[in-house]
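J.: One file: my_file-v3.cif (mmCIF, C-alpha atoms).
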```
data_start
#
loop_
_atom_site.label_atom_id
_atom_site.label_comp_id
_atom_site.auth_asym_id
_atom_site.auth_seq_id
_atom_site.Cartn_x
_atom_site.Cartn_y
_atom_site.Cartn_z
CA MET A 133 169.91 -66.72 70.55
CA PRO A 134 167.68 -65.85 67.56
CA LYS A 135 169.54 -64.39 64.59
CA GLN A 136 167.58 -61.16 64.77
CA ASN A 137 168.60 -60.58 68.39
CA ARG A 138 172.24 -61.30 67.55
CA SER A 139 172.16 -58.72 64.74
CA ARG A 140 170.57 -56.16 67.04
CA LYS A 141 173.18 -56.76 69.72
CA GLN A 142 176.01 -56.50 67.21
CA ALA A 143 174.58 -53.21 65.92
CA ALA A 144 174.36 -51.89 69.49
CA ARG A 145 177.99 -52.84 70.10
CA LYS A 146 179.01 -50.97 66.96
CA ARG A 147 177.13 -47.88 68.11
CA LYS A 148 178.75 -48.15 71.54
CA ALA A 149 182.21 -48.40 69.96
CA ALA A 150 181.57 -45.46 67.67
CA THR A 151 179.94 -43.07 70.11
CA GLY A 152 181.14 -44.07 73.58
CA MET A 153 177.62 -44.46 74.99
CA SER A 154 176.73 -47.35 77.25
CA LEU A 155 175.71 -50.69 75.70
CA SER A 156 172.19 -50.44 77.12
CA ALA A 157 171.76 -46.90 75.74
CA ALA A 158 173.05 -47.99 72.35
CA ALA A 159 170.71 -50.98 72.32
CA ASN A 160 167.64 -49.01 73.40
CA GLY A 161 168.35 -45.89 71.38
CA THR A 162 168.23 -43.74 74.51
CA GLY A 163 171.68 -42.20 74.24
CA HIS A 164 171.92 -38.44 73.83
CA LYS A 165 172.65 -37.19 70.34
CA HIS A 166 174.33 -33.81 70.03
CA PRO A 167 174.92 -32.31 66.58
CA GLY A 168 178.57 -31.63 65.92
CA PRO A 169 180.71 -30.23 63.08
CA ASP A 170 181.92 -32.29 60.14
CA LEU A 171 185.35 -33.49 61.28
CA ASN A 172 186.09 -35.88 58.41
CA ARG A 173 188.94 -33.66 57.21
CA LEU A 174 190.79 -34.31 60.47
CA SER A 175 191.79 -37.71 59.12
CA THR A 176 193.89 -35.96 56.44
CA LEU A 177 196.12 -34.19 58.97
CA PRO A 178 199.66 -35.58 59.26
CA HIS A 179 199.47 -35.71 63.06
CA ALA A 180 197.76 -39.11 62.95
CA ALA A 181 200.85 -40.48 61.17
CA GLY A 182 198.69 -42.65 58.92
CA ARG A 183 196.85 -44.25 61.84
CA PRO A 184 193.03 -44.57 61.87
CA VAL A 185 191.12 -41.58 63.25
CA ASN A 186 187.70 -42.03 64.84
CA THR A 187 186.03 -38.93 63.38
CA ARG A 188 182.57 -40.19 64.34
CA LEU A 189 183.45 -40.36 68.03
CA ALA A 190 185.29 -37.03 67.80
CA THR A 191 182.22 -35.38 66.23
CA ALA A 192 179.95 -36.80 68.92
CA LEU A 193 182.27 -35.59 71.69
CA VAL A 194 182.62 -32.09 70.24
CA GLY A 195 178.83 -31.95 69.93
CA ALA A 196 178.46 -32.96 73.57
CA CYS A 197 180.96 -30.28 74.62
CA ARG A 198 179.12 -27.59 72.70
CA ALA A 199 175.85 -28.74 74.27
CA GLY A 200 177.44 -28.80 77.74
CA CYS A 201 176.34 -32.42 78.31
CA GLN A 202 178.61 -33.65 81.11
CA PRO A 203 177.43 -37.32 81.18
CA CYS A 204 178.14 -37.76 77.46
CA GLN A 205 181.48 -36.00 77.77
CA ALA A 206 182.55 -38.20 80.68
CA SER A 207 181.61 -41.34 78.78
CA MET A 208 183.25 -40.37 75.50
CA ILE A 209 186.43 -38.72 76.81
CA THR A 210 187.46 -41.97 78.50
CA LYS A 211 187.10 -43.83 75.23
CA LEU A 212 188.60 -41.21 72.95
CA VAL A 213 191.69 -40.57 75.07
CA ALA A 214 192.68 -44.18 74.41
CA ASN A 215 192.77 -43.36 70.69
CA ARG A 216 195.86 -41.15 70.66
CA PRO A 217 195.83 -40.43 66.87
CA THR A 218 192.34 -38.94 67.28
CA VAL A 219 193.53 -36.87 70.25
CA ALA A 220 196.48 -35.74 68.11
CA VAL A 221 194.37 -34.43 65.22
CA LEU A 222 191.88 -32.70 67.53
CA ALA A 223 194.78 -30.96 69.26
CA ALA A 224 196.53 -30.21 65.96
CA ALA A 225 193.48 -28.49 64.49
CA ALA A 226 193.14 -26.45 67.68
CA PHE A 227 196.77 -25.55 68.37
CA ASP A 228 199.28 -26.59 65.68
CA ASN A 229 198.46 -23.87 63.17
CA PRO A 230 200.11 -20.64 62.00
CA LEU A 231 197.97 -18.44 64.25
CA THR A 232 199.11 -20.28 67.39
CA ARG A 233 202.70 -20.20 66.17
CA LEU A 234 202.47 -16.44 65.68
CA ALA A 235 201.14 -16.13 69.23
CA GLY A 236 204.09 -18.18 70.52
CA GLY A 237 202.13 -21.18 71.75
CA PRO A 238 198.72 -22.36 72.92
CA GLY A 239 198.54 -19.76 75.69
CA MET A 240 199.17 -19.43 79.41
CA PHE A 241 195.96 -21.25 80.32
CA ALA A 242 196.95 -24.43 78.47
CA SER A 243 198.15 -27.34 80.60
CA GLU A 244 201.78 -28.35 80.84
CA PRO A 245 201.17 -31.55 78.77
CA THR A 246 199.60 -29.44 76.01
CA ARG A 247 202.53 -27.01 75.96
CA ALA A 248 204.95 -29.95 75.86
CA TRP A 249 203.01 -31.54 73.02
CA TRP A 250 202.93 -28.25 71.07
CA THR A 251 206.67 -27.67 71.54
CA THR A 252 207.43 -31.16 70.28
CA ALA A 253 205.13 -30.71 67.30
CA ARG A 254 207.06 -27.59 66.30
CA ALA A 255 210.65 -28.49 67.22
CA ALA A 256 211.31 -32.03 66.00
CA GLY A 257 212.73 -30.97 62.65
CA SER A 258 212.10 -29.13 59.42
CA ASP A 259 209.84 -31.80 57.97
CA GLU A 260 206.13 -31.48 58.83
CA GLN A 261 205.61 -35.26 58.87
CA GLU A 262 208.60 -35.71 61.18
CA ASN A 263 207.19 -33.13 63.59
CA ALA A 264 203.76 -34.77 63.53
CA GLN A 265 205.19 -38.23 64.18
CA ALA A 266 207.26 -36.94 67.10
CA ALA A 267 204.18 -35.26 68.60
CA LEU A 268 202.14 -38.45 68.26
CA ASP A 269 204.96 -40.47 69.82
CA LEU A 270 204.97 -38.08 72.80
CA LEU A 271 201.18 -38.40 73.15
CA GLU A 272 201.42 -42.17 73.19
CA ARG A 273 204.08 -42.07 75.90
CA MET A 274 201.94 -39.81 78.08
CA THR A 275 200.00 -41.12 81.01
CA THR A 276 196.24 -41.24 80.66
CA SER A 277 196.01 -38.18 82.90
CA ASP A 278 198.39 -36.11 80.75
CA ALA A 279 196.79 -37.21 77.48
CA THR A 280 193.38 -36.31 78.93
CA ALA A 281 194.74 -32.85 79.75
CA VAL A 282 195.76 -32.37 76.11
CA LEU A 283 192.33 -33.53 74.98
CA ASP A 284 190.57 -31.27 77.50
CA ASP A 285 192.50 -28.22 76.24
CA ALA A 286 191.64 -29.08 72.64
CA LEU A 287 187.98 -29.57 73.54
CA ASP A 288 187.89 -26.14 75.20
CA HIS A 289 188.88 -24.75 71.83
CA TRP A 290 186.37 -26.84 69.88
CA ALA A 291 183.56 -26.07 72.32
CA ALA A 292 184.01 -22.35 71.65
CA GLY A 293 183.12 -22.79 67.98
CA VAL A 294 179.34 -22.51 68.45
CA ASP A 295 177.52 -22.90 65.16
CA HIS A 296 174.79 -20.32 65.79
CA VAL A 297 176.00 -17.06 67.31
CA GLU A 298 174.28 -13.71 67.14
CA GLY A 299 176.00 -10.38 67.55
CA GLU A 300 177.60 -7.49 65.71
CA GLY A 301 180.49 -8.30 63.38
CA ASN A 302 183.82 -6.49 63.61
CA GLY A 303 184.32 -5.84 59.93
CA ALA A 304 187.14 -3.48 59.02
CA PRO A 305 187.00 -0.95 56.16
CA GLY A 306 189.27 -1.55 53.23
CA LEU A 307 189.79 -1.37 49.50
CA GLN A 308 187.43 -2.68 46.84
CA ILE A 309 189.41 -5.03 44.66
CA VAL A 310 187.14 -6.15 41.84
CA THR A 311 183.65 -5.98 40.39
CA PRO A 312 182.92 -9.04 38.18
CA ASP A 313 182.02 -8.02 34.61
CA ASP A 314 180.24 -11.13 33.45
CA LEU A 315 177.26 -11.69 35.77
CA GLY A 316 175.56 -14.46 33.75
CA LEU A 317 172.18 -12.73 33.37
CA ASP A 318 169.03 -14.83 33.36
CA ASP A 319 165.93 -14.26 31.20
CA ASP A 320 164.75 -11.43 33.48
CA GLY A 321 168.01 -9.55 33.14
CA GLU A 322 169.06 -10.38 36.71
CA PRO A 323 172.18 -12.35 37.66
CA ALA A 324 171.21 -16.02 37.91
CA ASN A 325 174.21 -16.99 40.06
CA ALA A 326 175.66 -15.65 43.27
CA PHE A 327 178.62 -13.31 42.77
CA TYR A 328 180.66 -11.44 45.33
CA GLY A 329 183.07 -8.57 45.54
CA VAL A 330 185.81 -8.39 48.15
CA MET A 331 187.16 -5.69 50.43
CA LEU A 332 190.46 -5.67 52.26
CA GLY A 333 190.93 -5.18 55.96
CA GLN A 334 192.68 -6.63 58.98
CA ILE A 335 191.60 -7.67 62.45
CA THR A 336 193.40 -7.79 65.79
CA LEU A 337 191.69 -9.61 68.65
CA PRO A 338 192.88 -9.57 72.29
CA GLY A 339 195.85 -11.88 72.72
CA GLN A 340 196.15 -12.49 68.97
CA PRO A 341 198.50 -11.02 66.35
CA PRO A 342 197.01 -8.99 63.45
CA LEU A 343 195.43 -11.09 60.71
CA PRO A 344 194.54 -9.95 57.17
CA MET A 345 190.84 -10.01 56.44
CA LEU A 346 188.60 -10.19 53.38
CA THR A 347 184.96 -9.16 53.51
CA LEU A 348 182.70 -10.70 50.87
CA TYR A 349 179.83 -8.48 49.77
CA PRO A 350 176.94 -9.44 47.43
CA GLU A 351 177.27 -8.50 43.78
CA SER A 352 174.04 -10.19 42.65
CA PRO A 353 170.59 -10.84 44.14
CA ALA A 354 171.38 -14.52 44.63
CA ALA A 355 174.38 -13.69 46.84
CA GLY A 356 174.05 -13.27 50.57
CA LEU A 357 173.97 -15.09 53.89
CA ALA A 358 171.83 -18.03 52.72
CA ASP A 359 174.09 -18.64 49.72
CA LEU A 360 177.28 -18.44 51.78
CA ARG A 361 175.91 -20.88 54.36
CA GLU A 362 174.87 -23.36 51.69
CA ARG A 363 178.08 -23.21 49.67
CA THR A 364 180.67 -22.93 52.43
CA GLY A 365 179.45 -24.56 55.66
CA TRP A 366 181.30 -21.80 57.55
CA ASN A 367 180.31 -21.21 61.16
CA ALA A 368 178.42 -18.13 62.33
CA TRP A 369 180.81 -15.44 63.54
CA ASP A 370 180.28 -12.54 65.92
CA GLY A 371 183.77 -11.07 65.80
CA SER A 372 184.66 -11.95 69.39
CA ARG A 373 187.19 -14.66 68.52
CA LEU A 374 188.82 -16.12 65.43
CA PRO A 375 186.84 -18.80 63.60
CA MET A 376 188.29 -22.21 62.85
CA VAL A 377 191.19 -22.64 60.43
CA ASP A 378 190.13 -24.67 57.38
CA THR A 379 193.05 -25.11 54.98
CA SER A 380 190.75 -26.61 52.36
CA TRP A 381 189.73 -23.02 51.66
CA ARG A 382 192.50 -21.30 49.69
CA LEU A 383 192.99 -17.65 48.80
CA ARG A 384 195.29 -17.68 45.78
CA LEU A 385 197.56 -14.69 45.20
CA ASN A 386 199.69 -13.79 42.19
CA ILE A 387 203.26 -13.05 43.27
CA PRO A 388 204.51 -11.11 40.17
CA THR A 389 201.52 -8.73 40.23
CA ARG A 390 200.93 -8.84 44.01
CA SER A 391 197.23 -9.31 43.37
CA LEU A 392 194.36 -11.54 44.44
CA GLU A 393 193.29 -14.28 42.05
CA GLU A 394 190.51 -16.39 43.59
CA LEU A 395 188.99 -17.92 46.71
CA VAL A 396 188.38 -21.63 46.27
CA LEU A 397 187.55 -24.81 48.18
CA VAL A 398 189.77 -27.75 47.25
CA ASP A 399 188.96 -31.42 47.67
CA ASP A 400 191.15 -34.08 49.29
CA GLU A 401 193.11 -34.50 46.03
CA GLY A 402 193.78 -30.79 45.66
CA PHE A 403 191.28 -30.13 42.86
CA ASP A 404 188.94 -27.14 42.97
CA ASP A 405 185.58 -28.14 44.40
CA GLU A 406 184.01 -24.68 44.72
CA VAL A 407 185.06 -21.27 43.35
CA LEU A 408 183.50 -18.70 45.65
CA TRP A 409 185.19 -15.62 44.21
CA ARG A 410 187.45 -14.91 41.22
CA ALA A 411 189.11 -11.63 40.22
CA ALA A 412 187.98 -10.11 36.92
CA GLU A 413 191.11 -7.94 36.72
CA GLN A 414 194.51 -7.67 38.37
CA VAL A 415 194.77 -4.97 41.02
CA SER A 416 197.99 -4.69 43.02
CA LEU A 417 197.50 -4.95 46.77
CA PRO A 418 198.73 -2.29 49.22
CA ASP A 419 202.22 -3.11 50.48
CA SER A 420 201.12 -3.25 54.12
CA TRP A 421 198.37 -5.81 53.39
CA TRP A 422 200.63 -7.90 51.16
CA ASP A 423 203.38 -7.93 53.78
CA LEU A 424 200.88 -9.00 56.47
CA ILE A 425 199.48 -11.95 54.52
CA ASP A 426 203.00 -12.90 53.45
CA ARG A 427 203.87 -13.25 57.15
CA THR A 428 200.71 -14.98 58.37
CA GLU A 429 200.01 -17.14 55.28
CA HIS A 430 196.38 -17.16 56.41
CA VAL A 431 193.44 -14.80 55.99
CA LEU A 432 190.13 -14.32 57.78
CA VAL A 433 187.28 -14.41 55.24
CA ALA A 434 183.85 -13.24 56.39
CA GLY A 435 180.56 -12.20 54.85
CA PRO A 436 178.19 -11.01 53.78
CA GLY A 437 179.26 -7.43 54.25
CA SER A 438 178.67 -3.95 52.92
CA PRO A 439 180.41 -2.78 49.72
CA GLU A 440 180.72 0.71 51.23
CA ASP A 441 182.74 0.09 54.37
CA GLY A 442 183.12 -3.68 54.82
CA SER A 443 180.82 -3.78 57.86
CA LEU A 444 179.31 -7.23 58.38
CA GLU A 445 175.73 -8.28 58.84
CA ALA A 446 174.72 -9.26 62.38
CA ARG A 447 174.61 -12.93 61.38
CA ALA A 448 177.82 -13.24 59.38
CA VAL A 449 179.76 -16.44 58.66
CA ALA A 450 183.53 -16.73 58.56
CA VAL A 451 186.54 -18.99 58.19
CA VAL A 452 190.33 -18.67 58.41
CA ALA A 453 191.58 -19.76 54.99
CA ARG A 454 195.07 -20.55 53.79
CA ALA A 455 196.98 -18.19 51.48
CA ARG A 456 198.59 -19.80 48.45
CA PHE A 457 201.14 -17.74 46.51
CA MET A 458 201.26 -18.60 42.84
#
```
Would you encode the structure as structure tokens?
T.:
Amino acid sequence: MPKQNRSRKQAARKRKAATGMSLSAAANGTGHKHPGPDLNRLSTLPHAAGRPVNTRLATALVGACRAGCQPCQASMITKLVANRPTVAVLAAAAFDNPLTRLAGGPGMFASEPTRAWWTTARAAGSDEQENAQAALDLLERMTTSDATAVLDDALDHWAAGVDHVEGEGNGAPGLQIVTPDDLGLDDDGEPANAFYGVMLGQITLPGQPPLPMLTLYPESPAAGLADLRERTGWNAWDGSRLPMVDTSWRLRLNIPTRSLEELVLVDDEGFDDEVLWRAAEQVSLPDSWWDLIDRTEHVLVAGPGSPEDGSLEARAVAVVARARFM
């Protein structure tokens, strides 16, 4: 066989292994390609117990689910279910989070294998790594049918996170916390960078416990929907369901003063990668809002909104961020 043909065949096999498509489709470039979210952070979750996670295949499968492509789903689910660490992190991101714990589990519509997996993930012990290892062990002992049920439930969750959704936001009115003093004026006397103010609120969706909410509103001409999309990568949000939890986004709060400090994106090593908002002064939070975020340890952040009442634009973006008490 000529060397060029061997290289082409090897490349096709690699594409088949990574995406789950057939060998002929991989070789001919005829396989469907569905855009999916960036799932690279899944590999940092403890639920894989240090085992390799196929984020490329997971991304392709989630993309196929969001596109409703049944042939691609059928092909990739069979391959992915054999990779139990990848199933574990997909399920963990969907179900093993504080919001699900507050709700008491993954819900009545989840399969029995999913409820068993979730219970194990929460009940193995006080150590997070111990819980994650026990949940992975249970997944690996499951039959293919039961593991597929766990994956199917997780994919139902992921498929709901459509990236482009139109509709009215459900912003809640609240309290203005800060107006930045130093706007970094450019030569024309206008703010050169994007700055935001924040307003407090809370949201309660059907079947979900109350969650504290922050609405970001523009404080400079450069701020707004385009800036938030570029800097955050948050999904579009129409207020009908909670957006994805992304613990790389942190809302830092000062315990002694009971005040907000900043909203930041941290990298894999814990260093600040993006500072989206920072308080210019300390303002104590209302007791009810502080008590709520103290219980949930997470906050819904959405924008852009109005500085008058917190109401969101029709095409808002949002994320559920983690609260860090300093």
J.: Calculate how many Å separate atom CA of Trp421 of chain A from atom CA of Val396 of chain A, rounding to one decimal.
T.: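 These atoms are spaced 20.0 Å apart.
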J.: Which residues, named as in the file, does the PyMOL selection byres ((chain A and resi 438) around 10) pick out? Answer as a list in words.
T.: Gly303, Pro305, Gly329, Val330, Met331, Thr347, Leu348, Tyr349, Pro350, Gly435, Pro436, Gly437, Pro439, Glu440, Asp441, Gly442, Ser443, Leu444 and Glu445 of chain A
J.: Hey, can you spit out that residue selection with C-alpha atoms as a JSON list (two decimals), keeping the file's coordinate frame?
T.:
```
[["chain", "number", "residue", "atom", "x", "y", "z"],
["A", 303, "GLY", "CA", 184.32, -5.84, 59.93],
["A", 305, "PRO", "CA", 187.00, -0.95, 56.16],
["A", 329, "GLY", "CA", 183.07, -8.57, 45.54],
["A", 330, "VAL", "CA", 185.81, -8.39, 48.15],
["A", 331, "MET", "CA", 187.16, -5.69, 50.43],
["A", 347, "THR", "CA", 184.96, -9.16, 53.51],
["A", 348, "LEU", "CA", 182.70, -10.70, 50.87],
["A", 349, "TYR", "CA", 179.83, -8.48, 49.77],
["A", 350, "PRO", "CA", 176.94, -9.44, 47.43],
["A", 435, "GLY", "CA", 180.56, -12.20, 54.85],
["A", 436, "PRO", "CA", 178.19, -11.01, 53.78],
["A", 437, "GLY", "CA", 179.26, -7.43, 54.25],
["A", 439, "PRO", "CA", 180.41, -2.78, 49.72],
["A", 440, "GLU", "CA", 180.72, 0.71, 51.23],
["A", 441, "ASP", "CA", 182.74, 0.09, 54.37],
["A", 442, "GLY", "CA", 183.12, -3.68, 54.82],
["A", 443, "SER", "CA", 180.82, -3.78, 57.86],
["A", 444, "LEU", "CA", 179.31, -7.23, 58.38],
["A", 445, "GLU", "CA", 175.73, -8.28, 58.84]]
```
J.: Would you tabulate, counting only C-alpha atoms, all residues of segment 182-205 of chain A that have an atom at most 10 Å from an atom of segment 283-288 of chain A, showing the closest pair of atoms and their distance in Å to one decimal, sorted by chain then ascending number, as JSON lines?
T.:
```
{"residue": "A:Ala190", "atom": "CA", "partner": "A:Leu287", "partner_atom": "CA", "distance": 9.8}
{"residue": "A:Leu193", "atom": "CA", "partner": "A:Leu287", "partner_atom": "CA", "distance": 8.5}
{"residue": "A:Val194", "atom": "CA", "partner": "A:Leu287", "partner_atom": "CA", "distance": 6.8}
{"residue": "A:Cys197", "atom": "CA", "partner": "A:Leu287", "partner_atom": "CA", "distance": 7.1}
{"residue": "A:Arg198", "atom": "CA", "partner": "A:Leu287", "partner_atom": "CA", "distance": 9.1}
```
J.: I'd like to know which of A:Ser352, A:Gly333, A:Arg363, A:Asp278 is closest to Asp405 of chain A, using all atoms listed in the file.
T.: A:Arg363
J.: Please compute the atom CA of Thr379 of chain A-atom CA of Gly200 of chain A distance, one decimal, in Å.
T.: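 Between atom CA of Thr379 of chain A and atom CA of Gly200 of chain A the gap works out to 27.8 Å.
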J.: What does the PyMOL selection byres ((chain A and resi 245) around 9) select in this file, as a ChimeraX atom specification?
T.: /A:242-244,246-250,271,274,278-279,281-282
J.: Have a look at atom CA of Gly182 of chain A and atom CA of Asp404 of chain A and let me know their distance in Å, one decimal.
T.: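 So the answer is 24.3 Å.
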